[in-house]
Amino acid sequence: MSLTPEGSPVVEAAAGIEHIDGLFSYALVLTRNRSEAEDLVQETYVRAIRAMGSLRTGSNVKGWLFTILRNVWFNQLRHRRTAKIVPMDGEENAMDIAETAKDPYAFYVSQVEHQQVREAIQQLPADFREVILLREFEELSYQEIATILDCPAGTVMSRLARARNKLRTSLSTAFKTSNFARKEVME
Amino acid sequence: MNTGDEHSYNISLYLDNELRDQELEDFRAHLADCADCKSQLEEEQALADLLHRSRPLYRASAELRARVVAAQQVSVSGHTPERLHGRVLRLLKQSRGASEFRAFPWRAVATIAFVFVLGMVFVPTIARHARAASYVDTALSTHRSYLDGKLPLEINSESPEEVTAWFAGKVPFDFRLPTSRLLASDQPAYQQVGARVVNYGDSYAALVSFAMKNDRISLLVASSKSAEAYGGEEIISRGLTFHYQTKAGFNVITWTTHGLTYALVSELHTSASRSCLVCHQNMADKGEFHEP
């Protein structure tokens, strides 16, 4: 997503689309529901393109998109009064491993590890899920996360530390499986 | 905060790239002498590595990408889906003068058919465009992460043969770099630096890095089942269609051949055709890509 020197939006076929995986992950971490997450991402992009006129040149577009997504979600929650937590429906479409994977075992190991990480993160409290996603997956700085969450950077840091402790415990099996499987693949 | 807490605090700051200047120097010096902190850092790093291997945590579907692109275009043009829906409903409800129209809503059916045909024509194109944009974005973000030092190479080698052998079994496709035909006296335009495996969607892609002085070029290779070359300025050469575009300060060329999709990312000040030398300098036609 970019701006002309005059500040008007340059309309591309998919403005800001490079952040769609991150936004979708954030939406899933917040909603824990695939259908709601998809609607939330779409709404975020629609609002973003409408509000692009207010975006200054050199602004942090990525952080801005994540802030919009979070605001839209919490507004929706306020209107509903209570959060409707629906178990997540099916995971992403399985790839045709047999067709494409030269080393199906290595591919399988990475998929298992990926699934364990997802489950461990989804089991965290909402505050922890958010900071882990924004830091470990989106590589945002403490200050950028603090701006999105509207809280002090110190709070971000303490939440991160507690979230990582919980993850380390719940992923201890994944560490073992991963180390074992990687050794096997190497051999 | 006691000393132990302070060190844990600094380990987190260090891993999260939040330490600067003197603090960073002080912590590195402490780390060199403190076995406990080293051990704790390794534990924290192992968790971070495990999480980073799972990037992206979830991947948006091609349908969602297409929806977003379509929604943005609708939003910009001011024609909302509700308006279109309303128009169709109005057509369905409006009274008709001619008797045959009273008997059967031909105009409404024709309108719906027209909208359906439009959808059949444009939705696959939008989805294709979204898949191609996603591949270009991945190539760009991978290149930037490599330049920023956040994506270290897993093999450092100037030998195409060695890198080709290294990728065997690590990526879910056969991938072979052109074998070097340079003579000892030849000065290569670009030196291969090394390579690594990167996540792409639910699978892996191969990243090969090249360098000359301060220029860096990345070649991202993925299966054409998951990656698409499409859009941008099309240049057809020797039966291949190359898609050229500039984005976020870089040249990007994408193309598909033999079941693989390639993305070549280079600096804007570098001639895009010159970047083709990363492969063609090893081929007989290398003279065609040198700048005059």
# chains A, B, ... in the order shown; residues from 1 in each chain; ligands from 1
$ residues_around --residues "Thr257 (chain B)" --least-positions-apart "4" --cutoff "10 Å" --atoms "only C-alpha atoms" --output "count of residues only"
8
$ closest_residue --among "B:Asp49, B:Glu158, B:Asp137, B:Asp21" --to "chain A" --atoms "only C-alpha atoms"
B:Asp137
$ closest_atom_pairs --of "chain B" --to "chain A" --cutoff "9 Å" --atoms "only C-alpha atoms" --output "JSON lines"
{"residue": "B:Tyr9", "atom": "CA", "partner": "A:Ala161", "partner_atom": "CA", "distance": 8.6}
{"residue": "B:Ser12", "atom": "CA", "partner": "A:Ala161", "partner_atom": "CA", "distance": 7.6}
{"residue": "B:Leu13", "atom": "CA", "partner": "A:Met157", "partner_atom": "CA", "distance": 8.6}
{"residue": "B:Asp16", "atom": "CA", "partner": "A:Ser141", "partner_atom": "CA", "distance": 7.6}
{"residue": "B:Asn17", "atom": "CA", "partner": "A:Ser141", "partner_atom": "CA", "distance": 8.2}
{"residue": "B:Glu18", "atom": "CA", "partner": "A:Ser141", "partner_atom": "CA", "distance": 7.6}
{"residue": "B:Glu43", "atom": "CA", "partner": "A:Arg168", "partner_atom": "CA", "distance": 8.9}
{"residue": "B:Glu44", "atom": "CA", "partner": "A:Arg164", "partner_atom": "CA", "distance": 8.4}
{"residue": "B:Ala46", "atom": "CA", "partner": "A:Phe175", "partner_atom": "CA", "distance": 8.3}
{"residue": "B:Leu47", "atom": "CA", "partner": "A:Arg168", "partner_atom": "CA", "distance": 6.6}
{"residue": "B:Ala48", "atom": "CA", "partner": "A:Glu136", "partner_atom": "CA", "distance": 7.1}
{"residue": "B:Leu50", "atom": "CA", "partner": "A:Phe175", "partner_atom": "CA", "distance": 7.8}
{"residue": "B:Leu51", "atom": "CA", "partner": "A:Glu136", "partner_atom": "CA", "distance": 6.8}
{"residue": "B:His52", "atom": "CA", "partner": "A:Phe137", "partner_atom": "CA", "distance": 6.6}
{"residue": "B:Arg53", "atom": "CA", "partner": "A:His114", "partner_atom": "CA", "distance": 7.7}
{"residue": "B:Ser54", "atom": "CA", "partner": "A:His114", "partner_atom": "CA", "distance": 5.2}
{"residue": "B:Arg55", "atom": "CA", "partner": "A:Phe137", "partner_atom": "CA", "distance": 6.1}
{"residue": "B:Pro56", "atom": "CA", "partner": "A:Asp21", "partner_atom": "CA", "distance": 6.5}
{"residue": "B:Leu57", "atom": "CA", "partner": "A:Ser25", "partner_atom": "CA", "distance": 5.9}
{"residue": "B:Tyr58", "atom": "CA", "partner": "A:Ser25", "partner_atom": "CA", "distance": 5.0}
{"residue": "B:Arg59", "atom": "CA", "partner": "A:Asp21", "partner_atom": "CA", "distance": 5.0}
{"residue": "B:Ala60", "atom": "CA", "partner": "A:Asp21", "partner_atom": "CA", "distance": 5.2}
{"residue": "B:Ser61", "atom": "CA", "partner": "A:Glu92", "partner_atom": "CA", "distance": 8.0}
{"residue": "B:Leu64", "atom": "CA", "partner": "A:Glu38", "partner_atom": "CA", "distance": 6.6}
{"residue": "B:Arg65", "atom": "CA", "partner": "A:Ile20", "partner_atom": "CA", "distance": 7.6}
{"residue": "B:Ala66", "atom": "CA", "partner": "A:Ala14", "partner_atom": "CA", "distance": 8.9}
{"residue": "B:Arg67", "atom": "CA", "partner": "A:Gln42", "partner_atom": "CA", "distance": 7.1}
{"residue": "B:Val68", "atom": "CA", "partner": "A:Gln42", "partner_atom": "CA", "distance": 5.3}
{"residue": "B:Val69", "atom": "CA", "partner": "A:Ala14", "partner_atom": "CA", "distance": 5.1}
{"residue": "B:Ala70", "atom": "CA", "partner": "A:Ala13", "partner_atom": "CA", "distance": 8.4}
{"residue": "B:Ala71", "atom": "CA", "partner": "A:Val46", "partner_atom": "CA", "distance": 6.4}
{"residue": "B:Gln72", "atom": "CA", "partner": "A:Val46", "partner_atom": "CA", "distance": 5.6}
{"residue": "B:Gln73", "atom": "CA", "partner": "A:Ala13", "partner_atom": "CA", "distance": 7.2}
{"residue": "B:Val74", "atom": "CA", "partner": "A:Val46", "partner_atom": "CA", "distance": 9.0}
{"residue": "B:Ser75", "atom": "CA", "partner": "A:Val46", "partner_atom": "CA", "distance": 6.4}
{"residue": "B:Val76", "atom": "CA", "partner": "A:Ile49", "partner_atom": "CA", "distance": 7.4}
{"residue": "B:Ile126", "atom": "CA", "partner": "A:Ala13", "partner_atom": "CA", "distance": 8.6}
{"residue": "B:His129", "atom": "CA", "partner": "A:Ala13", "partner_atom": "CA", "distance": 8.2}
{"residue": "B:Ala130", "atom": "CA", "partner": "A:Ala14", "partner_atom": "CA", "distance": 7.2}
{"residue": "B:Ala133", "atom": "CA", "partner": "A:Ile17", "partner_atom": "CA", "distance": 7.6}
{"residue": "B:Ser134", "atom": "CA", "partner": "A:Glu18", "partner_atom": "CA", "distance": 6.4}
{"residue": "B:Val136", "atom": "CA", "partner": "A:Glu18", "partner_atom": "CA", "distance": 8.7}
{"residue": "B:Asp137", "atom": "CA", "partner": "A:Glu18", "partner_atom": "CA", "distance": 5.4}
{"residue": "B:Thr138", "atom": "CA", "partner": "A:Glu18", "partner_atom": "CA", "distance": 7.6}
{"residue": "B:Ser141", "atom": "CA", "partner": "A:Glu18", "partner_atom": "CA", "distance": 8.6}
{"residue": "B:Ala168", "atom": "CA", "partner": "A:Lys102", "partner_atom": "CA", "distance": 8.4}
{"residue": "B:Gly169", "atom": "CA", "partner": "A:Asp103", "partner_atom": "CA", "distance": 5.4}
{"residue": "B:Lys170", "atom": "CA", "partner": "A:Asp103", "partner_atom": "CA", "distance": 7.2}
{"residue": "B:Val171", "atom": "CA", "partner": "A:Lys102", "partner_atom": "CA", "distance": 7.1}
{"residue": "B:Pro172", "atom": "CA", "partner": "A:Ala101", "partner_atom": "CA", "distance": 4.1}
{"residue": "B:Phe173", "atom": "CA", "partner": "A:Lys102", "partner_atom": "CA", "distance": 6.1}
{"residue": "B:Asp174", "atom": "CA", "partner": "A:Lys102", "partner_atom": "CA", "distance": 8.0}
{"residue": "B:Asp202", "atom": "CA", "partner": "A:Met95", "partner_atom": "CA", "distance": 7.4}
{"residue": "B:Ser203", "atom": "CA", "partner": "A:Phe107", "partner_atom": "CA", "distance": 7.5}
{"residue": "B:Tyr204", "atom": "CA", "partner": "A:Phe107", "partner_atom": "CA", "distance": 8.8}
{"residue": "B:Ser223", "atom": "CA", "partner": "A:Thr100", "partner_atom": "CA", "distance": 8.1}
{"residue": "B:Lys225", "atom": "CA", "partner": "A:Thr100", "partner_atom": "CA", "distance": 8.6}
$ atom_distance --atom1 "CA of Tyr14 (chain B)" --atom2 "CA of Ala29 (chain B)"
12.5 Å
$ closest_residue --among "A:Ala163, A:Ile148, A:Val131, A:Leu40" --to "Val61 (chain A)" --atoms "only C-alpha atoms"
A:Ile148
$ atom_distance --atom1 "CA of Trp73 (chain A)" --atom2 "CA of Leu149 (chain A)"
12.4 Å
$ select_by_dssp --residues "region 190-266 of chain B" --states "strand (DSSP E or B)" --output "ChimeraX atom specification"
/B:191-200,203-212,215-223,233-237,240-247,250-257,260-266
$ closest_residue --among "A:Tyr108, A:Arg80, A:Ala51, A:Ile145" --to "Phe66 (chain A)" --atoms "only C-alpha atoms"
A:Ile145
$ closest_residue --among "B:Cys37, B:Ile217, B:Val198, B:Ala211" --to "His143 (chain B)" --atoms "only C-alpha atoms"
B:Ile217
$ decode --residues "region 133-148 of chain A" --atoms "all heavy atoms" --output "PDB file, in the first residue's frame"
ATOM      1  N   LEU A 133       1.930 -13.645  18.907  1.00  0.00           N
ATOM      2  CA  LEU A 133       1.746 -13.522  17.457  1.00  0.00           C
ATOM      3  C   LEU A 133       2.451 -12.272  16.927  1.00  0.00           C
ATOM      4  O   LEU A 133       3.177 -12.322  15.922  1.00  0.00           O
ATOM      5  CB  LEU A 133       0.229 -13.480  17.170  1.00  0.00           C
ATOM      6  CG  LEU A 133      -0.310 -13.560  15.745  1.00  0.00           C
ATOM      7  CD1 LEU A 133      -0.173 -12.270  14.960  1.00  0.00           C
ATOM      8  CD2 LEU A 133       0.307 -14.695  14.947  1.00  0.00           C
ATOM      9  N   LEU A 134       2.258 -11.151  17.614  1.00  0.00           N
ATOM     10  CA  LEU A 134       2.800  -9.888  17.110  1.00  0.00           C
ATOM     11  C   LEU A 134       4.323  -9.837  17.192  1.00  0.00           C
ATOM     12  O   LEU A 134       4.976  -9.258  16.344  1.00  0.00           O
ATOM     13  CB  LEU A 134       2.182  -8.704  17.880  1.00  0.00           C
ATOM     14  CG  LEU A 134       0.670  -8.540  17.679  1.00  0.00           C
ATOM     15  CD1 LEU A 134       0.109  -7.463  18.595  1.00  0.00           C
ATOM     16  CD2 LEU A 134       0.338  -8.205  16.231  1.00  0.00           C
ATOM     17  N   ARG A 135       4.888 -10.481  18.211  1.00  0.00           N
ATOM     18  CA  ARG A 135       6.351 -10.442  18.363  1.00  0.00           C
ATOM     19  C   ARG A 135       7.035 -11.572  17.563  1.00  0.00           C
ATOM     20  O   ARG A 135       7.900 -11.324  16.754  1.00  0.00           O
ATOM     21  CB  ARG A 135       6.710 -10.523  19.858  1.00  0.00           C
ATOM     22  CG  ARG A 135       8.178 -10.639  20.165  1.00  0.00           C
ATOM     23  CD  ARG A 135       8.976  -9.454  19.668  1.00  0.00           C
ATOM     24  NE  ARG A 135      10.215  -9.905  19.061  1.00  0.00           N
ATOM     25  CZ  ARG A 135      10.901  -9.273  18.140  1.00  0.00           C
ATOM     26  NH1 ARG A 135      10.479  -8.115  17.670  1.00  0.00           N
ATOM     27  NH2 ARG A 135      12.010  -9.760  17.662  1.00  0.00           N
ATOM     28  N   GLU A 136       6.638 -12.807  17.827  1.00  0.00           N
ATOM     29  CA  GLU A 136       7.365 -13.942  17.256  1.00  0.00           C
ATOM     30  C   GLU A 136       7.047 -14.187  15.785  1.00  0.00           C
ATOM     31  O   GLU A 136       7.859 -14.722  15.056  1.00  0.00           O
ATOM     32  CB  GLU A 136       7.085 -15.227  18.043  1.00  0.00           C
ATOM     33  CG  GLU A 136       7.508 -15.178  19.501  1.00  0.00           C
ATOM     34  CD  GLU A 136       9.024 -15.209  19.681  1.00  0.00           C
ATOM     35  OE1 GLU A 136       9.757 -15.137  18.676  1.00  0.00           O
ATOM     36  OE2 GLU A 136       9.470 -15.278  20.833  1.00  0.00           O
ATOM     37  N   PHE A 137       5.858 -13.834  15.381  1.00  0.00           N
ATOM     38  CA  PHE A 137       5.474 -14.129  13.997  1.00  0.00           C
ATOM     39  C   PHE A 137       5.497 -12.877  13.117  1.00  0.00           C
ATOM     40  O   PHE A 137       5.793 -12.965  11.933  1.00  0.00           O
ATOM     41  CB  PHE A 137       4.092 -14.789  13.948  1.00  0.00           C
ATOM     42  CG  PHE A 137       4.114 -16.172  14.526  1.00  0.00           C
ATOM     43  CD1 PHE A 137       3.999 -16.381  15.884  1.00  0.00           C
ATOM     44  CD2 PHE A 137       4.302 -17.272  13.714  1.00  0.00           C
ATOM     45  CE1 PHE A 137       4.063 -17.650  16.441  1.00  0.00           C
ATOM     46  CE2 PHE A 137       4.364 -18.548  14.249  1.00  0.00           C
ATOM     47  CZ  PHE A 137       4.247 -18.741  15.616  1.00  0.00           C
ATOM     48  N   GLU A 138       5.194 -11.725  13.699  1.00  0.00           N
ATOM     49  CA  GLU A 138       5.190 -10.501  12.900  1.00  0.00           C
ATOM     50  C   GLU A 138       6.414  -9.639  13.137  1.00  0.00           C
ATOM     51  O   GLU A 138       6.590  -8.612  12.474  1.00  0.00           O
ATOM     52  CB  GLU A 138       3.906  -9.698  13.188  1.00  0.00           C
ATOM     53  CG  GLU A 138       2.644 -10.410  12.750  1.00  0.00           C
ATOM     54  CD  GLU A 138       2.714 -10.860  11.297  1.00  0.00           C
ATOM     55  OE1 GLU A 138       3.112 -10.049  10.444  1.00  0.00           O
ATOM     56  OE2 GLU A 138       2.396 -12.034  11.016  1.00  0.00           O
ATOM     57  N   GLU A 139       7.229 -10.009  14.110  1.00  0.00           N
ATOM     58  CA  GLU A 139       8.489  -9.314  14.406  1.00  0.00           C
ATOM     59  C   GLU A 139       8.295  -7.826  14.669  1.00  0.00           C
ATOM     60  O   GLU A 139       9.135  -6.998  14.292  1.00  0.00           O
ATOM     61  CB  GLU A 139       9.493  -9.510  13.267  1.00  0.00           C
ATOM     62  CG  GLU A 139       9.966 -10.941  13.165  1.00  0.00           C
ATOM     63  CD  GLU A 139      11.150 -11.095  12.227  1.00  0.00           C
ATOM     64  OE1 GLU A 139      11.274 -10.294  11.291  1.00  0.00           O
ATOM     65  OE2 GLU A 139      11.946 -12.021  12.441  1.00  0.00           O
ATOM     66  N   LEU A 140       7.200  -7.479  15.316  1.00  0.00           N
ATOM     67  CA  LEU A 140       6.999  -6.073  15.671  1.00  0.00           C
ATOM     68  C   LEU A 140       7.790  -5.769  16.938  1.00  0.00           C
ATOM     69  O   LEU A 140       7.994  -6.645  17.786  1.00  0.00           O
ATOM     70  CB  LEU A 140       5.504  -5.788  15.891  1.00  0.00           C
ATOM     71  CG  LEU A 140       4.607  -5.971  14.660  1.00  0.00           C
ATOM     72  CD1 LEU A 140       3.145  -5.734  15.019  1.00  0.00           C
ATOM     73  CD2 LEU A 140       5.011  -5.022  13.546  1.00  0.00           C
ATOM     74  N   SER A 141       8.233  -4.528  17.074  1.00  0.00           N
ATOM     75  CA  SER A 141       9.004  -4.129  18.266  1.00  0.00           C
ATOM     76  C   SER A 141       8.061  -3.985  19.463  1.00  0.00           C
ATOM     77  O   SER A 141       6.836  -3.917  19.305  1.00  0.00           O
ATOM     78  CB  SER A 141       9.708  -2.811  18.003  1.00  0.00           C
ATOM     79  OG  SER A 141       8.748  -1.768  17.914  1.00  0.00           O
ATOM     80  N   TYR A 142       8.644  -3.912  20.653  1.00  0.00           N
ATOM     81  CA  TYR A 142       7.815  -3.731  21.851  1.00  0.00           C
ATOM     82  C   TYR A 142       6.939  -2.482  21.704  1.00  0.00           C
ATOM     83  O   TYR A 142       5.759  -2.487  22.074  1.00  0.00           O
ATOM     84  CB  TYR A 142       8.699  -3.568  23.092  1.00  0.00           C
ATOM     85  CG  TYR A 142       9.456  -4.819  23.513  1.00  0.00           C
ATOM     86  CD1 TYR A 142      10.412  -4.751  24.526  1.00  0.00           C
ATOM     87  CD2 TYR A 142       9.221  -6.059  22.933  1.00  0.00           C
ATOM     88  CE1 TYR A 142      11.119  -5.876  24.942  1.00  0.00           C
ATOM     89  CE2 TYR A 142       9.918  -7.186  23.327  1.00  0.00           C
ATOM     90  CZ  TYR A 142      10.873  -7.090  24.329  1.00  0.00           C
ATOM     91  OH  TYR A 142      11.570  -8.197  24.723  1.00  0.00           O
ATOM     92  N   GLN A 143       7.549  -1.415  21.170  1.00  0.00           N
ATOM     93  CA  GLN A 143       6.802  -0.155  21.072  1.00  0.00           C
ATOM     94  C   GLN A 143       5.668  -0.270  20.059  1.00  0.00           C
ATOM     95  O   GLN A 143       4.561   0.236  20.288  1.00  0.00           O
ATOM     96  CB  GLN A 143       7.763   0.985  20.684  1.00  0.00           C
ATOM     97  CG  GLN A 143       7.155   2.374  20.868  1.00  0.00           C
ATOM     98  CD  GLN A 143       6.495   2.563  22.230  1.00  0.00           C
ATOM     99  OE1 GLN A 143       7.125   2.369  23.265  1.00  0.00           O
ATOM    100  NE2 GLN A 143       5.200   2.891  22.234  1.00  0.00           N
ATOM    101  N   GLU A 144       5.928  -0.967  18.942  1.00  0.00           N
ATOM    102  CA  GLU A 144       4.869  -1.132  17.929  1.00  0.00           C
ATOM    103  C   GLU A 144       3.716  -1.966  18.509  1.00  0.00           C
ATOM    104  O   GLU A 144       2.540  -1.659  18.292  1.00  0.00           O
ATOM    105  CB  GLU A 144       5.427  -1.827  16.685  1.00  0.00           C
ATOM    106  CG  GLU A 144       6.313  -0.932  15.835  1.00  0.00           C
ATOM    107  CD  GLU A 144       7.032  -1.684  14.724  1.00  0.00           C
ATOM    108  OE1 GLU A 144       7.496  -2.826  14.958  1.00  0.00           O
ATOM    109  OE2 GLU A 144       7.164  -1.120  13.624  1.00  0.00           O
ATOM    110  N   ILE A 145       4.072  -2.993  19.272  1.00  0.00           N
ATOM    111  CA  ILE A 145       3.029  -3.835  19.885  1.00  0.00           C
ATOM    112  C   ILE A 145       2.250  -3.011  20.916  1.00  0.00           C
ATOM    113  O   ILE A 145       1.021  -3.074  20.993  1.00  0.00           O
ATOM    114  CB  ILE A 145       3.647  -5.089  20.546  1.00  0.00           C
ATOM    115  CG1 ILE A 145       4.346  -5.946  19.485  1.00  0.00           C
ATOM    116  CG2 ILE A 145       2.590  -5.914  21.263  1.00  0.00           C
ATOM    117  CD1 ILE A 145       5.168  -7.103  20.042  1.00  0.00           C
ATOM    118  N   ALA A 146       2.987  -2.220  21.696  1.00  0.00           N
ATOM    119  CA  ALA A 146       2.339  -1.391  22.724  1.00  0.00           C
ATOM    120  C   ALA A 146       1.338  -0.442  22.074  1.00  0.00           C
ATOM    121  O   ALA A 146       0.245  -0.212  22.609  1.00  0.00           O
ATOM    122  CB  ALA A 146       3.398  -0.612  23.493  1.00  0.00           C
ATOM    123  N   THR A 147       1.702   0.089  20.901  1.00  0.00           N
ATOM    124  CA  THR A 147       0.791   1.019  20.202  1.00  0.00           C
ATOM    125  C   THR A 147      -0.472   0.277  19.760  1.00  0.00           C
ATOM    126  O   THR A 147      -1.585   0.779  19.919  1.00  0.00           O
ATOM    127  CB  THR A 147       1.504   1.624  18.962  1.00  0.00           C
ATOM    128  OG1 THR A 147       2.706   2.250  19.412  1.00  0.00           O
ATOM    129  CG2 THR A 147       0.645   2.641  18.263  1.00  0.00           C
ATOM    130  N   ILE A 148      -0.297  -0.922  19.221  1.00  0.00           N
ATOM    131  CA  ILE A 148      -1.466  -1.692  18.757  1.00  0.00           C
ATOM    132  C   ILE A 148      -2.364  -2.063  19.941  1.00  0.00           C
ATOM    133  O   ILE A 148      -3.584  -1.945  19.881  1.00  0.00           O
ATOM    134  CB  ILE A 148      -1.008  -2.968  18.009  1.00  0.00           C
ATOM    135  CG1 ILE A 148      -0.331  -2.584  16.705  1.00  0.00           C
ATOM    136  CG2 ILE A 148      -2.181  -3.911  17.742  1.00  0.00           C
ATOM    137  CD1 ILE A 148       0.369  -3.746  16.000  1.00  0.00           C
TER     138      ILE A 148
END
